[in-house]
Amino acid sequence: MDIKKYMRKVGFTAKEASAKIATATSEQKNIFLENLAERIINHTNNIIKTNKEDIRIATKNNSDNAFIDRLTFNESNIKLMADGLLKVAKLNDPIGETLNKRKMPSGIEVAQMRVPLGVIGMIYESRPNVTIDAAALAIKSGNSIILRGGSESINTNNYLALLIKESLITANIPEGTVQIIETTDRAAVTEMITQTDFIDVIIPRGGKSLIEKISSEAKVQVIKHLDGNCHIYIDEYANIEQAIRITDNSKTQRFGTCNTLESLIVNSRIAALILPEIKNIFDKKSIEIRGCNRTIQLIPGVINATEDDFYEEYLGPTISCKIVDSIDEAIHHINKYSSAHTESIITENNENATKFMREIDSSSVMVNASTRFADGFEYGLGAEIGISTDKFHARGPVGLEGLTSLKYIVFGSGQIRT
């Protein structure tokens with residue numbers, strides 16, 4: 001295959017389709033989403049069967065458990081994926097929304113209108129559900145999208161591509177609006193991230209090395225987050241039972257996600273009451289704690305944490321722990337070591353909660369909640385195309401509004417400037 005020629009054809013097709021999907025009706029978009037949800041449910045057995053081939057190959061290649069978990073489809077997460085499509089269908093169509101209208105002294109009226117970005121290029125690893133989530137959000141927000149999944153999920157993605165194509169046809173939307181790259185050749189990625197004449201934004205989703213490579217080599221604008229070193233600070237005013245439950249859920253519900261807890265910060269006034277209990281829970285679940293000197297003195301059996309440990313996104317059964325004397329010290333520690341993804345404070349003190357929310361510089365900041373809620377589905381976005389820790393153009397889970405831009409519109413009645 002001539003990769004350069006193939007990718008130019010894909011890019012040109014996406015650009016042509018973007019002009020048409022930008023003017024599609026809400027009814028067309030929702031027909032696509034509802035039809036695709038129905039097809040996914042009706043083809044559950046075939047999706048699982050195809051997915052098992054990808055799992056077999058990944059297992060043969062000695063992929064770790066977290067990787068296999070992200071790759072795997074079952075009846076439960078397939079239903080969730082279909083439910084996500086129906087949730088997106090119920091969301092208001094953002095395209096054409098008019099905001100901030102105001103009348104100026106000259107007599108003109110100035111407003112902003114929400115419009116699609118155009119063509120989205122998405123590069124992602126292992127998670128085949130991203131194929132459906134990204135297609136759904138792109139269509140609803142009036143964008144065309146080029147999807148390049150990882151080689152490890154090529155069979156699953158190709159099958160999902162067939163279902164997407166059939167639903168596009170049903171909704172009378174151009175087939176080129178959603179394209180899935182058929183080759184696993186990495187040269188396709190290189191072409192994709194430099195196609196400034198066709199693609200408006202690149203969204204990478206995967207490991208830190210993949211995202212760093214794309215960010216450094218892309219000529220197209222990138223929406224990204226590199227890693228998810230998420231923190232919980234247990235304040236001296238925390239409800240102990242609540243703090244233990246939230247910490248346990250944040251770390252152990254799933255290891256291989258970017259919103260999993262990786263670093264625990266505990267106020268010294270409550271540490272002796274709470275850390276032994278957390279250690280008992282983590283021991284039962286084979287979670288290794290790497291702690292500061294004060295943590296080691298308080299709960300024996302903890303490994304001494306290095307500087308690198310506090311920066312680490314483990315994506316596995318390991319967590320760092322730091323004991324601090326104040327909320328100011330906790331905030332300083334988190335802002336220094338965090339990847340600016342998600343942080344949570346456990347406290348019954350409103351003043352401390354407000355201080356934490358204002359001063360923590362991350363894309364999601366929580367009070368008395370598990371970090372695992374940092375997710376587009378849980379935030380009511382229907383689904384997410386990714387999470388951004390950048391401050392431009394979008395920040396946090398990227399849903400429909402994150403895939404749009406604003407243009408100014410002006411209403412006049414014959415005014416001229418003097």
# chains A, B, ... in the order shown; residues from 1 in each chain; ligands from 1
$ residues_around --residues "range 25-42 of chain A" --least-positions-apart "6" --cutoff "7 Å" --atoms "only C-alpha atoms" --output "PyMOL selection string"
chain A and resi 79+82+85-86+89+93+136+139-140+163-164+167-168+170-171
$ write_last_selection --atoms "N, CA and C atoms" --output "tab-separated table (two decimals), in the first residue's frame"
chain	number	residue	atom	x	y	z
A	79	LYS	N	-23.12	-3.24	26.34
A	79	LYS	CA	-24.40	-2.57	26.64
A	79	LYS	C	-24.17	-1.13	27.09
A	82	ALA	N	-23.55	0.96	24.05
A	82	ALA	CA	-24.81	1.26	23.35
A	82	ALA	C	-25.63	2.29	24.13
A	85	LEU	N	-24.42	5.76	23.45
A	85	LEU	CA	-24.92	6.31	22.19
A	85	LEU	C	-26.30	6.93	22.36
A	86	LEU	N	-27.16	6.26	23.12
A	86	LEU	CA	-28.51	6.77	23.35
A	86	LEU	C	-28.48	8.03	24.20
A	89	ALA	N	-27.55	10.83	21.96
A	89	ALA	CA	-28.71	11.19	21.12
A	89	ALA	C	-29.66	12.12	21.87
A	93	ASP	N	-28.28	19.29	20.58
A	93	ASP	CA	-27.34	19.50	19.48
A	93	ASP	C	-26.70	20.87	19.67
A	136	ALA	N	-19.59	8.73	17.77
A	136	ALA	CA	-20.84	9.33	18.27
A	136	ALA	C	-20.69	10.82	18.51
A	139	ILE	N	-20.12	12.90	15.18
A	139	ILE	CA	-21.34	13.08	14.40
A	139	ILE	C	-22.26	14.10	15.08
A	140	LYS	N	-22.49	13.95	16.37
A	140	LYS	CA	-23.42	14.84	17.08
A	140	LYS	C	-22.92	16.28	17.07
A	163	LEU	N	-20.45	-1.72	11.21
A	163	LEU	CA	-21.70	-1.31	11.86
A	163	LEU	C	-21.90	0.20	11.73
A	164	ILE	N	-20.81	0.96	11.89
A	164	ILE	CA	-20.89	2.41	11.76
A	164	ILE	C	-21.30	2.80	10.34
A	167	SER	N	-24.96	2.31	9.71
A	167	SER	CA	-25.80	3.30	10.39
A	167	SER	C	-25.70	4.67	9.73
A	168	LEU	N	-24.53	5.01	9.19
A	168	LEU	CA	-24.39	6.26	8.44
A	168	LEU	C	-25.30	6.26	7.22
A	170	THR	N	-28.03	4.50	6.82
A	170	THR	CA	-29.42	4.58	7.29
A	170	THR	C	-29.82	6.03	7.57
A	171	ALA	N	-28.89	6.82	8.10
A	171	ALA	CA	-29.20	8.21	8.46
A	171	ALA	C	-28.97	9.19	7.32
$ residues_around --residues "range 185-187 of chain A" --least-positions-apart "3" --cutoff "9 Å" --atoms "only C-alpha atoms" --output "ChimeraX atom specification"
/A:3-4,151,190-192
$ write_last_selection --atoms "N, CA, C and O atoms" --output "PDB file, in the first residue's frame"
ATOM      1  N   ILE A   3       1.166   4.395   1.439  1.00  0.00           N
ATOM      2  CA  ILE A   3       0.562   5.012   2.618  1.00  0.00           C
ATOM      3  C   ILE A   3       0.260   6.494   2.393  1.00  0.00           C
ATOM      4  O   ILE A   3      -0.811   6.986   2.764  1.00  0.00           O
ATOM      5  N   LYS A   4       1.182   7.203   1.787  1.00  0.00           N
ATOM      6  CA  LYS A   4       0.975   8.638   1.564  1.00  0.00           C
ATOM      7  C   LYS A   4      -0.264   8.878   0.692  1.00  0.00           C
ATOM      8  O   LYS A   4      -1.109   9.726   1.004  1.00  0.00           O
ATOM      9  N   SER A 151      -2.926  -1.483  16.559  1.00  0.00           N
ATOM     10  CA  SER A 151      -2.881  -2.765  15.844  1.00  0.00           C
ATOM     11  C   SER A 151      -3.467  -3.885  16.682  1.00  0.00           C
ATOM     12  O   SER A 151      -4.003  -4.862  16.155  1.00  0.00           O
ATOM     13  N   THR A 190       2.188   9.020  11.002  1.00  0.00           N
ATOM     14  CA  THR A 190       3.058  10.134  10.615  1.00  0.00           C
ATOM     15  C   THR A 190       2.375  11.033   9.589  1.00  0.00           C
ATOM     16  O   THR A 190       2.430  12.262   9.680  1.00  0.00           O
ATOM     17  N   GLU A 191       1.716  10.414   8.608  1.00  0.00           N
ATOM     18  CA  GLU A 191       1.000  11.190   7.599  1.00  0.00           C
ATOM     19  C   GLU A 191      -0.168  11.954   8.223  1.00  0.00           C
ATOM     20  O   GLU A 191      -0.404  13.130   7.931  1.00  0.00           O
ATOM     21  N   MET A 192      -0.868  11.274   9.103  1.00  0.00           N
ATOM     22  CA  MET A 192      -2.083  11.833   9.698  1.00  0.00           C
ATOM     23  C   MET A 192      -1.796  13.097  10.506  1.00  0.00           C
ATOM     24  O   MET A 192      -2.520  14.097  10.393  1.00  0.00           O
TER      25      MET A 192
END
$ residues_around --residues "range 107-118 of chain A" --least-positions-apart "5" --cutoff "12 Å" --atoms "only C-alpha atoms" --output "NGL selection string"
:A and (11 or 14-24 or 93-102 or 137-146 or 177 or 196-202 or 221 or 393 or 400-417)
$ select_by_dssp --residues "range 151-359 of chain A" --states "strand (DSSP E or B)" --output "JSON, numbers by chain"
{"A": [178, 179, 180, 201, 202, 203, 204, 205, 222, 230, 231, 232, 233, 234, 261, 262, 263, 264, 265, 266, 267, 288, 289, 290, 291, 303, 304, 318, 319, 320, 321, 322, 323, 324, 342, 343, 344, 345, 346]}
$ write_last_selection --atoms "C-alpha atoms" --output "PDB file, in the first residue's frame"
ATOM      1  CA  VAL A 178     -16.373   8.342   9.914  1.00  0.00           C
ATOM      2  CA  GLN A 179     -13.331   6.532   8.532  1.00  0.00           C
ATOM      3  CA  ILE A 180     -11.259   3.891  10.306  1.00  0.00           C
ATOM      4  CA  VAL A 201      -7.250  18.758  15.308  1.00  0.00           C
ATOM      5  CA  ILE A 202      -5.535  15.554  16.470  1.00  0.00           C
ATOM      6  CA  ILE A 203      -6.644  13.783  19.644  1.00  0.00           C
ATOM      7  CA  PRO A 204      -4.226  11.082  20.861  1.00  0.00           C
ATOM      8  CA  ARG A 205      -5.407   8.626  23.505  1.00  0.00           C
ATOM      9  CA  VAL A 222      -3.298  18.485  19.452  1.00  0.00           C
ATOM     10  CA  CYS A 230      -4.237  11.467  40.321  1.00  0.00           C
ATOM     11  CA  HIS A 231      -4.195  12.398  44.021  1.00  0.00           C
ATOM     12  CA  ILE A 232      -6.465  12.234  47.041  1.00  0.00           C
ATOM     13  CA  TYR A 233      -5.786  14.474  50.038  1.00  0.00           C
ATOM     14  CA  ILE A 234      -7.346  13.237  53.278  1.00  0.00           C
ATOM     15  CA  LEU A 261      -5.729   7.084  42.245  1.00  0.00           C
ATOM     16  CA  GLU A 262      -1.910   6.926  42.136  1.00  0.00           C
ATOM     17  CA  SER A 263      -0.864   9.065  45.120  1.00  0.00           C
ATOM     18  CA  LEU A 264      -2.407   9.431  48.583  1.00  0.00           C
ATOM     19  CA  ILE A 265      -1.726  12.506  50.750  1.00  0.00           C
ATOM     20  CA  VAL A 266      -2.780  12.340  54.408  1.00  0.00           C
ATOM     21  CA  ASN A 267      -2.819  15.040  57.079  1.00  0.00           C
ATOM     22  CA  GLU A 288       2.035  -2.078  47.325  1.00  0.00           C
ATOM     23  CA  ILE A 289       2.449   1.226  49.192  1.00  0.00           C
ATOM     24  CA  ARG A 290       5.547   3.339  48.585  1.00  0.00           C
ATOM     25  CA  GLY A 291       5.658   5.994  51.268  1.00  0.00           C
ATOM     26  CA  ILE A 303       8.530   0.596  50.724  1.00  0.00           C
ATOM     27  CA  ASN A 304      10.518   3.840  50.788  1.00  0.00           C
ATOM     28  CA  THR A 318       1.109   0.304  43.494  1.00  0.00           C
ATOM     29  CA  ILE A 319       0.472   3.658  45.173  1.00  0.00           C
ATOM     30  CA  SER A 320       2.637   6.397  46.684  1.00  0.00           C
ATOM     31  CA  CYS A 321       1.816   7.956  50.051  1.00  0.00           C
ATOM     32  CA  LYS A 322       2.857  11.225  51.714  1.00  0.00           C
ATOM     33  CA  ILE A 323       2.033  12.558  55.191  1.00  0.00           C
ATOM     34  CA  VAL A 324       1.749  16.358  55.444  1.00  0.00           C
ATOM     35  CA  THR A 342      -7.813  14.759  38.699  1.00  0.00           C
ATOM     36  CA  GLU A 343      -7.413  15.491  42.413  1.00  0.00           C
ATOM     37  CA  SER A 344      -9.854  15.013  45.296  1.00  0.00           C
ATOM     38  CA  ILE A 345     -10.033  16.272  48.877  1.00  0.00           C
ATOM     39  CA  ILE A 346     -11.837  14.349  51.606  1.00  0.00           C
TER      40      ILE A 346
END
$ closest_residue --among "A:Pro128, A:Gly121, A:Gly376, A:Gly382" --to "Ser364 in chain A" --atoms "only C-alpha atoms"
A:Gly376
$ select_by_dssp --residues "range 44-198 of chain A" --states "helix (DSSP H, G or I)" --output "ChimeraX atom specification"
/A:44-60,65-71,75-90,129-140,151-170,175-177,187-192
$ residues_around --residues "Glu53 in chain A" --least-positions-apart "5" --cutoff "10 Å" --atoms "only C-alpha atoms" --output "ChimeraX atom specification"
/A:48,58-59,152-156
$ write_last_selection --atoms "N, CA, C and O atoms" --output "PDB file, in the first residue's frame"
ATOM      1  N   ILE A  48     -18.107  -9.771  20.383  1.00  0.00           N
ATOM      2  CA  ILE A  48     -17.305 -10.519  21.368  1.00  0.00           C
ATOM      3  C   ILE A  48     -16.435 -11.555  20.667  1.00  0.00           C
ATOM      4  O   ILE A  48     -15.251 -11.731  21.003  1.00  0.00           O
ATOM      5  N   ALA A  58      -3.070 -10.529  21.708  1.00  0.00           N
ATOM      6  CA  ALA A  58      -2.453  -9.726  22.768  1.00  0.00           C
ATOM      7  C   ALA A  58      -1.877 -10.612  23.862  1.00  0.00           C
ATOM      8  O   ALA A  58      -0.785 -10.353  24.390  1.00  0.00           O
ATOM      9  N   THR A  59      -2.602 -11.682  24.209  1.00  0.00           N
ATOM     10  CA  THR A  59      -2.111 -12.629  25.223  1.00  0.00           C
ATOM     11  C   THR A  59      -0.852 -13.338  24.736  1.00  0.00           C
ATOM     12  O   THR A  59       0.111 -13.517  25.492  1.00  0.00           O
ATOM     13  N   GLU A 152      -3.411  -3.739  18.014  1.00  0.00           N
ATOM     14  CA  GLU A 152      -3.891  -4.802  18.903  1.00  0.00           C
ATOM     15  C   GLU A 152      -5.409  -4.952  18.865  1.00  0.00           C
ATOM     16  O   GLU A 152      -5.945  -5.973  19.284  1.00  0.00           O
ATOM     17  N   SER A 153      -6.127  -3.927  18.355  1.00  0.00           N
ATOM     18  CA  SER A 153      -7.595  -4.012  18.307  1.00  0.00           C
ATOM     19  C   SER A 153      -8.121  -3.913  16.877  1.00  0.00           C
ATOM     20  O   SER A 153      -9.283  -3.586  16.664  1.00  0.00           O
ATOM     21  N   ILE A 154      -7.277  -4.235  15.902  1.00  0.00           N
ATOM     22  CA  ILE A 154      -7.638  -4.035  14.493  1.00  0.00           C
ATOM     23  C   ILE A 154      -8.857  -4.848  14.083  1.00  0.00           C
ATOM     24  O   ILE A 154      -9.715  -4.383  13.333  1.00  0.00           O
ATOM     25  N   ASN A 155      -8.972  -6.084  14.561  1.00  0.00           N
ATOM     26  CA  ASN A 155     -10.108  -6.921  14.167  1.00  0.00           C
ATOM     27  C   ASN A 155     -11.423  -6.376  14.721  1.00  0.00           C
ATOM     28  O   ASN A 155     -12.427  -6.279  13.998  1.00  0.00           O
ATOM     29  N   THR A 156     -11.402  -5.994  16.017  1.00  0.00           N
ATOM     30  CA  THR A 156     -12.605  -5.433  16.636  1.00  0.00           C
ATOM     31  C   THR A 156     -12.989  -4.125  15.958  1.00  0.00           C
ATOM     32  O   THR A 156     -14.166  -3.889  15.647  1.00  0.00           O
TER      33      THR A 156
END
$ residues_around --residues "Thr50 in chain A" --least-positions-apart "2" --cutoff "12 Å" --atoms "only C-alpha atoms" --output "list in words"
His43, Thr44, Asn45, Asn46, Ile47, Ile48, Lys52, Glu53, Asp54, Ile55, Arg56, Ile57, Leu71, Thr72, Phe73, Asn74, Pro128, Ser153, Ile154, Asn155, Thr156, Asn157, Asn158, Tyr159 and Leu160 of chain A
$ decode --residues "range 21-100 of chain A" --atoms "C-alpha atoms" --output "mmCIF file, in the first residue's frame"
data_model
loop_
_atom_site.group_PDB
_atom_site.id
_atom_site.type_symbol
_atom_site.label_atom_id
_atom_site.label_comp_id
_atom_site.auth_asym_id
_atom_site.auth_seq_id
_atom_site.Cartn_x
_atom_site.Cartn_y
_atom_site.Cartn_z
ATOM 1 C CA ILE A 21 -22.128 16.758 8.299
ATOM 2 C CA ALA A 22 -21.835 20.398 9.446
ATOM 3 C CA THR A 23 -25.280 21.012 7.917
ATOM 4 C CA ALA A 24 -26.879 17.701 8.925
ATOM 5 C CA THR A 25 -30.080 17.945 10.944
ATOM 6 C CA SER A 26 -30.323 16.892 14.567
ATOM 7 C CA GLU A 27 -32.798 14.241 13.408
ATOM 8 C CA GLN A 28 -30.210 12.705 11.047
ATOM 9 C CA LYS A 29 -27.576 12.666 13.767
ATOM 10 C CA ASN A 30 -29.922 11.016 16.258
ATOM 11 C CA ILE A 31 -31.081 8.424 13.707
ATOM 12 C CA PHE A 32 -27.424 7.450 13.271
ATOM 13 C CA LEU A 33 -26.833 7.194 17.021
ATOM 14 C CA GLU A 34 -29.992 5.234 17.781
ATOM 15 C CA ASN A 35 -29.498 2.908 14.825
ATOM 16 C CA LEU A 36 -25.889 2.226 15.788
ATOM 17 C CA ALA A 37 -26.912 1.470 19.381
ATOM 18 C CA GLU A 38 -29.448 -1.041 18.093
ATOM 19 C CA ARG A 39 -26.918 -2.655 15.739
ATOM 20 C CA ILE A 40 -24.361 -2.996 18.514
ATOM 21 C CA ILE A 41 -26.845 -4.783 20.794
ATOM 22 C CA ASN A 42 -28.020 -7.022 17.953
ATOM 23 C CA HIS A 43 -24.436 -7.938 17.038
ATOM 24 C CA THR A 44 -23.116 -8.389 20.590
ATOM 25 C CA ASN A 45 -22.108 -12.023 20.028
ATOM 26 C CA ASN A 46 -20.224 -11.195 16.830
ATOM 27 C CA ILE A 47 -18.437 -8.276 18.503
ATOM 28 C CA ILE A 48 -17.305 -10.519 21.368
ATOM 29 C CA LYS A 49 -16.242 -13.253 18.954
ATOM 30 C CA THR A 50 -14.151 -10.819 16.904
ATOM 31 C CA ASN A 51 -12.736 -9.222 20.027
ATOM 32 C CA LYS A 52 -11.566 -12.604 21.333
ATOM 33 C CA GLU A 53 -9.199 -12.864 18.371
ATOM 34 C CA ASP A 54 -7.575 -9.562 19.373
ATOM 35 C CA ILE A 55 -7.339 -10.777 22.971
ATOM 36 C CA ARG A 56 -5.761 -14.044 21.822
ATOM 37 C CA ILE A 57 -3.074 -12.170 19.899
ATOM 38 C CA ALA A 58 -2.453 -9.726 22.768
ATOM 39 C CA THR A 59 -2.111 -12.629 25.223
ATOM 40 C CA LYS A 60 0.298 -14.377 22.874
ATOM 41 C CA ASN A 61 2.347 -11.158 22.799
ATOM 42 C CA ASN A 62 2.531 -11.181 26.628
ATOM 43 C CA SER A 63 0.499 -7.994 27.095
ATOM 44 C CA ASP A 64 -0.097 -7.191 30.773
ATOM 45 C CA ASN A 65 -3.430 -7.570 32.568
ATOM 46 C CA ALA A 66 -4.249 -3.835 32.504
ATOM 47 C CA PHE A 67 -3.749 -3.798 28.735
ATOM 48 C CA ILE A 68 -5.961 -6.862 28.255
ATOM 49 C CA ASP A 69 -8.614 -5.284 30.478
ATOM 50 C CA ARG A 70 -8.720 -2.152 28.296
ATOM 51 C CA LEU A 71 -8.946 -4.287 25.166
ATOM 52 C CA THR A 72 -11.711 -6.641 26.312
ATOM 53 C CA PHE A 73 -15.369 -6.462 25.304
ATOM 54 C CA ASN A 74 -18.078 -8.349 27.197
ATOM 55 C CA GLU A 75 -21.878 -8.140 27.287
ATOM 56 C CA SER A 76 -21.793 -5.610 30.118
ATOM 57 C CA ASN A 77 -19.468 -3.026 28.581
ATOM 58 C CA ILE A 78 -21.017 -3.494 25.129
ATOM 59 C CA LYS A 79 -24.401 -2.572 26.638
ATOM 60 C CA LEU A 80 -22.806 0.437 28.337
ATOM 61 C CA MET A 81 -21.368 1.476 24.986
ATOM 62 C CA ALA A 82 -24.810 1.262 23.355
ATOM 63 C CA ASP A 83 -26.368 3.153 26.282
ATOM 64 C CA GLY A 84 -23.755 5.865 25.779
ATOM 65 C CA LEU A 85 -24.919 6.311 22.185
ATOM 66 C CA LEU A 86 -28.507 6.772 23.348
ATOM 67 C CA LYS A 87 -27.389 9.302 25.952
ATOM 68 C CA VAL A 88 -25.563 11.302 23.284
ATOM 69 C CA ALA A 89 -28.707 11.188 21.121
ATOM 70 C CA LYS A 90 -30.686 12.777 23.969
ATOM 71 C CA LEU A 91 -28.196 15.626 24.415
ATOM 72 C CA ASN A 92 -28.963 18.989 22.868
ATOM 73 C CA ASP A 93 -27.338 19.498 19.482
ATOM 74 C CA PRO A 94 -24.743 22.223 20.117
ATOM 75 C CA ILE A 95 -24.335 23.307 16.485
ATOM 76 C CA GLY A 96 -25.898 26.664 15.689
ATOM 77 C CA GLU A 97 -26.370 27.583 19.345
ATOM 78 C CA THR A 98 -26.145 31.372 19.800
ATOM 79 C CA LEU A 99 -24.402 32.729 22.891
ATOM 80 C CA ASN A 100 -23.585 36.061 24.544
#
